[in-house]
Amino acid sequence: MRREYIAAVFALMMVAGLMSGCKDGVPQTDLDLFIARTSEIEGAALEDTLRKLSTGEAPYNSYANFILGNRFYATANDSALAGGWSNPGAQSLLDSAEVYFNLAVAQDSTFLEPMVNLGSIWDDRAETMGDRQQYDERIAQANKFYSLALDIDPSDEKARCNLGSLYLRQRRTAEAMAEFKKALEYNPESSLAHYNIAIMFAEAKIYREALAEWELASKYDPDGDIGDRSRANIKIVNDLMNAPTPPIGH
């Protein structure tokens with residue numbers, strides 16, 4: 001009885017777990033440095049700067065389009081929180097984000113970040129209303145962009161884990177686990193991969209292994225969003241498993 005109750009409560013935490021996250025840190029790549037520098041500009045000046053750079057020289061044109069796409073994507077996510085992805089406002093913002101990500105990829109066909117985000121956009125669209133054919137087409141588009149990114153860099157954690165999460169939502173559990181384990185082959189300290197493997201164990205009601213994976217996710221992302229979610233899930237499972245069993249008939 002208590003195990004079924006754990007599963008029901010825990011499902012609320014799994015939805016967030018399928019989202020990708022990244023850790024903050026000291027900028028190391030040219031893109032990181034570009035983001036750090038432009039983040040010091042505020043308001044309309046930032047918008048004007050990015051739009052000017054977006055039509056300028058490489059690689060800053062693709063970086064600028066990527067950031068512009070991210071700005072629309074972040075606003076789309078905020079809109080979806082209020083009204084779901086079927087909200088026309090969220091859909092319009094997704095369309096704008098897609099335009100900028102496509103421009104970034106057109107300017108640099110090896111630019112992984114906008115490529116993976118295009119996969120995420122189609123992933124989000126799969127959550128909107130539509131018939132089975134539309135759903136399958138959106139899932140196929142998401143898969144295409146994740147796979148394109150992995151063709152360029154098989155070690156890309158976000159693309160690998162997003163693809164695994166896509167398989168997990170389709171109940172293709174063996175393929176999902178294979179993607180998460182492949183991510184760990186490239187980076188044994190991938191908090192995102194450990195988090196998603198924990199989700200799979202929790203869905204199978206194998207709670208001891210799920211807790212162990214969340215402990216690792218928390219260890220490798222102590223100050224980030226994934227670490228916070230892992231610790232929250234650990235507490236939920238431990239509290240429920242240690243709760244007294246209700247008397248029969250209650």
# chains A, B, ... in the order shown; residues from 1 in each chain; ligands from 1
call {"tool": "residues_around", "arguments": {"residues": "Ala212 of chain A", "least_positions_apart": "6", "cutoff": "12 Å", "atoms": "only C-alpha atoms", "output": "short mmCIF file (atom, residue, chain, number, x, y, z; two decimals) with C-alpha atoms, in the first residue's frame"}}
result
data_model
loop_
_atom_site.label_atom_id
_atom_site.label_comp_id
_atom_site.auth_asym_id
_atom_site.auth_seq_id
_atom_site.Cartn_x
_atom_site.Cartn_y
_atom_site.Cartn_z
CA HIS A 194 22.56 10.07 -12.81
CA TYR A 195 19.36 12.04 -12.18
CA ILE A 197 18.71 6.98 -14.24
CA ALA A 198 17.28 7.58 -10.76
CA ILE A 199 13.96 8.49 -12.38
CA PHE A 201 14.64 3.24 -11.04
CA ALA A 202 11.95 5.18 -9.18
CA ILE A 206 13.48 0.21 -7.21
CA SER A 218 23.62 15.74 -5.71
CA LYS A 219 27.34 15.08 -5.18
CA SER A 230 17.89 15.29 -6.22
CA ARG A 231 17.90 16.25 -2.55
CA ASN A 233 13.43 13.64 -4.17
CA ILE A 234 15.66 11.87 -1.65
CA VAL A 237 11.27 8.97 -0.73
CA ASN A 238 12.93 8.63 2.68
#
call {"tool": "closest_residue", "arguments": {"among": "A:Asn242, A:Thr128, A:Gln107, A:Ser191", "to": "Trp85 of chain A", "atoms": "only C-alpha atoms"}}
result
A:Thr128
call {"tool": "atom_distance", "arguments": {"atom1": "atom CA of Glu189 of chain A", "atom2": "atom CA of Ser155 of chain A"}}
result
12.7 Å
call {"tool": "residues_around", "arguments": {"residues": "segment 31-36 of chain A", "least_positions_apart": "3", "cutoff": "9 Å", "atoms": "only C-alpha atoms", "output": "PDB file with N, CA and C atoms, in the first residue's frame"}}
result
ATOM      1  N   VAL A  26      33.064  29.140 -14.084  1.00  0.00           N
ATOM      2  CA  VAL A  26      33.934  30.139 -14.678  1.00  0.00           C
ATOM      3  C   VAL A  26      33.906  29.976 -16.197  1.00  0.00           C
ATOM      4  N   PRO A  27      33.637  31.057 -16.951  1.00  0.00           N
ATOM      5  CA  PRO A  27      33.593  30.932 -18.409  1.00  0.00           C
ATOM      6  C   PRO A  27      34.912  30.395 -18.957  1.00  0.00           C
ATOM      7  N   GLN A  28      34.823  29.404 -19.873  1.00  0.00           N
ATOM      8  CA  GLN A  28      36.029  28.813 -20.421  1.00  0.00           C
ATOM      9  C   GLN A  28      36.047  28.809 -21.943  1.00  0.00           C
ATOM     10  N   SER A  39      26.172  39.773 -21.003  1.00  0.00           N
ATOM     11  CA  SER A  39      25.269  39.809 -19.854  1.00  0.00           C
ATOM     12  C   SER A  39      25.463  41.066 -19.020  1.00  0.00           C
ATOM     13  N   GLU A  40      26.567  41.777 -19.251  1.00  0.00           N
ATOM     14  CA  GLU A  40      26.816  43.018 -18.528  1.00  0.00           C
ATOM     15  C   GLU A  40      26.054  44.190 -19.142  1.00  0.00           C
ATOM     16  N   PRO A  59      32.687  34.315 -35.170  1.00  0.00           N
ATOM     17  CA  PRO A  59      31.562  33.465 -34.750  1.00  0.00           C
ATOM     18  C   PRO A  59      30.491  34.229 -33.975  1.00  0.00           C
ATOM     19  N   TYR A  60      30.710  35.567 -33.846  1.00  0.00           N
ATOM     20  CA  TYR A  60      29.826  36.319 -32.957  1.00  0.00           C
ATOM     21  C   TYR A  60      28.415  36.458 -33.504  1.00  0.00           C
ATOM     22  N   TYR A  63      26.685  33.382 -32.233  1.00  0.00           N
ATOM     23  CA  TYR A  63      26.511  33.502 -30.784  1.00  0.00           C
ATOM     24  C   TYR A  63      25.352  34.444 -30.466  1.00  0.00           C
ATOM     25  N   ALA A  64      25.295  35.567 -31.181  1.00  0.00           N
ATOM     26  CA  ALA A  64      24.236  36.550 -30.924  1.00  0.00           C
ATOM     27  C   ALA A  64      22.860  35.974 -31.241  1.00  0.00           C
ATOM     28  N   ILE A  67      21.825  33.637 -28.457  1.00  0.00           N
ATOM     29  CA  ILE A  67      21.341  34.323 -27.252  1.00  0.00           C
ATOM     30  C   ILE A  67      19.960  34.916 -27.484  1.00  0.00           C
TER      31      ILE A  67
END
call {"tool": "select_by_dssp", "arguments": {"residues": "segment 22-141 of chain A", "states": "alpha helix (DSSP H)", "output": "VMD selection string"}}
result
chain A and resid 30 to 38 43 to 53 60 to 83 88 to 107 112 to 125 132 to 141
call {"tool": "atom_distance", "arguments": {"atom1": "atom CA of Phe72 of chain A", "atom2": "atom CA of Glu98 of chain A"}}
result
8.8 Å
call {"tool": "atom_distance", "arguments": {"atom1": "atom CA of Ala204 of chain A", "atom2": "atom CA of Asn162 of chain A"}}
result
20.1 Å
call {"tool": "closest_residue", "arguments": {"among": "A:Ser190, A:Thr75, A:Ser109, A:Thr173", "to": "Ile152 of chain A", "atoms": "only C-alpha atoms"}}
result
A:Ser109
call {"tool": "closest_residue", "arguments": {"among": "A:Gln141, A:Asn70, A:Leu81, A:Glu157", "to": "Glu185 of chain A", "atoms": "only C-alpha atoms"}}
result
A:Glu157
call {"tool": "residues_around", "arguments": {"residues": "Thr49 of chain A", "least_positions_apart": "3", "cutoff": "12 Å", "atoms": "only C-alpha atoms", "output": "NGL selection string"}}
result
:A and (37-46 or 52-56 or 60-61 or 63-65 or 67-68)
call {"tool": "closest_residue", "arguments": {"among": "A:Ala74, A:Ala80, A:Ile226, A:Ile236", "to": "Asn117 of chain A", "atoms": "only C-alpha atoms"}}
result
A:Ala74
call {"tool": "closest_residue", "arguments": {"among": "A:Glu113, A:Glu203, A:Glu213, A:Asp48", "to": "Leu148 of chain A", "atoms": "only C-alpha atoms"}}
result
A:Glu113
call {"tool": "decode", "arguments": {"residues": "segment 78-117 of chain A", "atoms": "N, CA and C atoms", "output": "mmCIF file, in the first residue's frame"}}
result
data_model
loop_
_atom_site.group_PDB
_atom_site.id
_atom_site.type_symbol
_atom_site.label_atom_id
_atom_site.label_comp_id
_atom_site.auth_asym_id
_atom_site.auth_seq_id
_atom_site.Cartn_x
_atom_site.Cartn_y
_atom_site.Cartn_z
ATOM 1 N N ASP A 78 8.235 30.669 -19.569
ATOM 2 C CA ASP A 78 7.450 31.388 -18.565
ATOM 3 C C ASP A 78 5.973 31.406 -18.944
ATOM 4 N N SER A 79 5.704 31.632 -20.230
ATOM 5 C CA SER A 79 4.322 31.654 -20.703
ATOM 6 C C SER A 79 3.679 30.278 -20.572
ATOM 7 N N ALA A 80 4.454 29.221 -20.850
ATOM 8 C CA ALA A 80 3.927 27.862 -20.759
ATOM 9 C C ALA A 80 3.607 27.479 -19.319
ATOM 10 N N LEU A 81 4.364 28.007 -18.371
ATOM 11 C CA LEU A 81 4.084 27.721 -16.966
ATOM 12 C C LEU A 81 2.708 28.235 -16.571
ATOM 13 N N ALA A 82 2.296 29.332 -17.205
ATOM 14 C CA ALA A 82 1.001 29.924 -16.881
ATOM 15 C C ALA A 82 -0.138 29.264 -17.644
ATOM 16 N N GLY A 83 0.095 28.899 -18.910
ATOM 17 C CA GLY A 83 -1.011 28.397 -19.718
ATOM 18 C C GLY A 83 -0.735 27.135 -20.500
ATOM 19 N N GLY A 84 0.410 26.490 -20.255
ATOM 20 C CA GLY A 84 0.739 25.282 -20.983
ATOM 21 C C GLY A 84 1.315 25.600 -22.358
ATOM 22 N N TRP A 85 1.920 24.585 -22.998
ATOM 23 C CA TRP A 85 2.536 24.811 -24.302
ATOM 24 C C TRP A 85 1.507 25.028 -25.407
ATOM 25 N N SER A 86 0.239 24.708 -25.152
ATOM 26 C CA SER A 86 -0.795 24.975 -26.158
ATOM 27 C C SER A 86 -1.203 26.443 -26.184
ATOM 28 N N ASN A 87 -0.760 27.216 -25.181
ATOM 29 C CA ASN A 87 -1.028 28.646 -25.127
ATOM 30 C C ASN A 87 -0.491 29.316 -26.397
ATOM 31 N N PRO A 88 -1.334 30.051 -27.147
ATOM 32 C CA PRO A 88 -0.871 30.701 -28.385
ATOM 33 C C PRO A 88 0.334 31.609 -28.165
ATOM 34 N N GLY A 89 0.380 32.281 -27.019
ATOM 35 C CA GLY A 89 1.517 33.144 -26.726
ATOM 36 C C GLY A 89 2.803 32.345 -26.626
ATOM 37 N N ALA A 90 2.755 31.213 -25.935
ATOM 38 C CA ALA A 90 3.935 30.359 -25.805
ATOM 39 C C ALA A 90 4.354 29.817 -27.161
ATOM 40 N N GLN A 91 3.370 29.445 -27.992
ATOM 41 C CA GLN A 91 3.687 28.913 -29.313
ATOM 42 C C GLN A 91 4.353 29.969 -30.201
ATOM 43 N N SER A 92 3.867 31.196 -30.121
ATOM 44 C CA SER A 92 4.452 32.276 -30.915
ATOM 45 C C SER A 92 5.898 32.539 -30.488
ATOM 46 N N LEU A 93 6.140 32.507 -29.190
ATOM 47 C CA LEU A 93 7.497 32.719 -28.683
ATOM 48 C C LEU A 93 8.425 31.573 -29.084
ATOM 49 N N LEU A 94 7.893 30.357 -29.087
ATOM 50 C CA LEU A 94 8.678 29.215 -29.561
ATOM 51 C C LEU A 94 9.056 29.391 -31.032
ATOM 52 N N ASP A 95 8.112 29.876 -31.821
ATOM 53 C CA ASP A 95 8.386 30.110 -33.239
ATOM 54 C C ASP A 95 9.534 31.107 -33.408
ATOM 55 N N SER A 96 9.520 32.175 -32.601
ATOM 56 C CA SER A 96 10.581 33.176 -32.693
ATOM 57 C C SER A 96 11.918 32.596 -32.262
ATOM 58 N N ALA A 97 11.909 31.811 -31.181
ATOM 59 C CA ALA A 97 13.143 31.170 -30.738
ATOM 60 C C ALA A 97 13.699 30.264 -31.823
ATOM 61 N N GLU A 98 12.804 29.529 -32.478
ATOM 62 C CA GLU A 98 13.230 28.614 -33.543
ATOM 63 C C GLU A 98 13.925 29.365 -34.677
ATOM 64 N N VAL A 99 13.409 30.526 -35.038
ATOM 65 C CA VAL A 99 14.000 31.316 -36.114
ATOM 66 C C VAL A 99 15.454 31.650 -35.788
ATOM 67 N N TYR A 100 15.697 32.125 -34.577
ATOM 68 C CA TYR A 100 17.053 32.526 -34.206
ATOM 69 C C TYR A 100 17.994 31.326 -34.060
ATOM 70 N N PHE A 101 17.505 30.231 -33.518
ATOM 71 C CA PHE A 101 18.356 29.036 -33.416
ATOM 72 C C PHE A 101 18.723 28.513 -34.810
ATOM 73 N N ASN A 102 17.759 28.551 -35.723
ATOM 74 C CA ASN A 102 18.051 28.117 -37.100
ATOM 75 C C ASN A 102 19.088 29.024 -37.756
ATOM 76 N N LEU A 103 19.002 30.332 -37.485
ATOM 77 C CA LEU A 103 19.993 31.259 -38.027
ATOM 78 C C LEU A 103 21.380 30.946 -37.473
ATOM 79 N N ALA A 104 21.444 30.652 -36.172
ATOM 80 C CA ALA A 104 22.729 30.337 -35.552
ATOM 81 C C ALA A 104 23.346 29.089 -36.173
ATOM 82 N N VAL A 105 22.520 28.070 -36.415
ATOM 83 C CA VAL A 105 23.013 26.829 -37.016
ATOM 84 C C VAL A 105 23.401 27.053 -38.478
ATOM 85 N N ALA A 106 22.654 27.893 -39.180
ATOM 86 C CA ALA A 106 22.981 28.190 -40.577
ATOM 87 C C ALA A 106 24.329 28.907 -40.674
ATOM 88 N N GLN A 107 24.621 29.745 -39.690
ATOM 89 C CA GLN A 107 25.888 30.466 -39.682
ATOM 90 C C GLN A 107 27.060 29.589 -39.228
ATOM 91 N N ASP A 108 26.765 28.551 -38.437
ATOM 92 C CA ASP A 108 27.798 27.622 -37.980
ATOM 93 C C ASP A 108 27.169 26.248 -37.808
ATOM 94 N N SER A 109 27.386 25.397 -38.796
ATOM 95 C CA SER A 109 26.724 24.086 -38.811
ATOM 96 C C SER A 109 27.251 23.132 -37.758
ATOM 97 N N THR A 110 28.285 23.541 -37.013
ATOM 98 C CA THR A 110 28.808 22.692 -35.938
ATOM 99 C C THR A 110 28.447 23.240 -34.558
ATOM 100 N N PHE A 111 27.600 24.253 -34.510
ATOM 101 C CA PHE A 111 27.224 24.916 -33.251
ATOM 102 C C PHE A 111 26.175 24.058 -32.546
ATOM 103 N N LEU A 112 26.605 23.324 -31.538
ATOM 104 C CA LEU A 112 25.738 22.331 -30.901
ATOM 105 C C LEU A 112 24.598 22.929 -30.095
ATOM 106 N N GLU A 113 24.866 23.993 -29.343
ATOM 107 C CA GLU A 113 23.863 24.498 -28.402
ATOM 108 C C GLU A 113 22.529 24.870 -29.058
ATOM 109 N N PRO A 114 22.518 25.660 -30.134
ATOM 110 C CA PRO A 114 21.221 25.941 -30.775
ATOM 111 C C PRO A 114 20.615 24.707 -31.418
ATOM 112 N N MET A 115 21.458 23.778 -31.878
ATOM 113 C CA MET A 115 20.958 22.549 -32.479
ATOM 114 C C MET A 115 20.177 21.725 -31.446
ATOM 115 N N VAL A 116 20.753 21.599 -30.253
ATOM 116 C CA VAL A 116 20.073 20.857 -29.187
ATOM 117 C C VAL A 116 18.804 21.586 -28.765
ATOM 118 N N ASN A 117 18.853 22.907 -28.720
ATOM 119 C CA ASN A 117 17.660 23.671 -28.339
ATOM 120 C C ASN A 117 16.549 23.540 -29.374
#
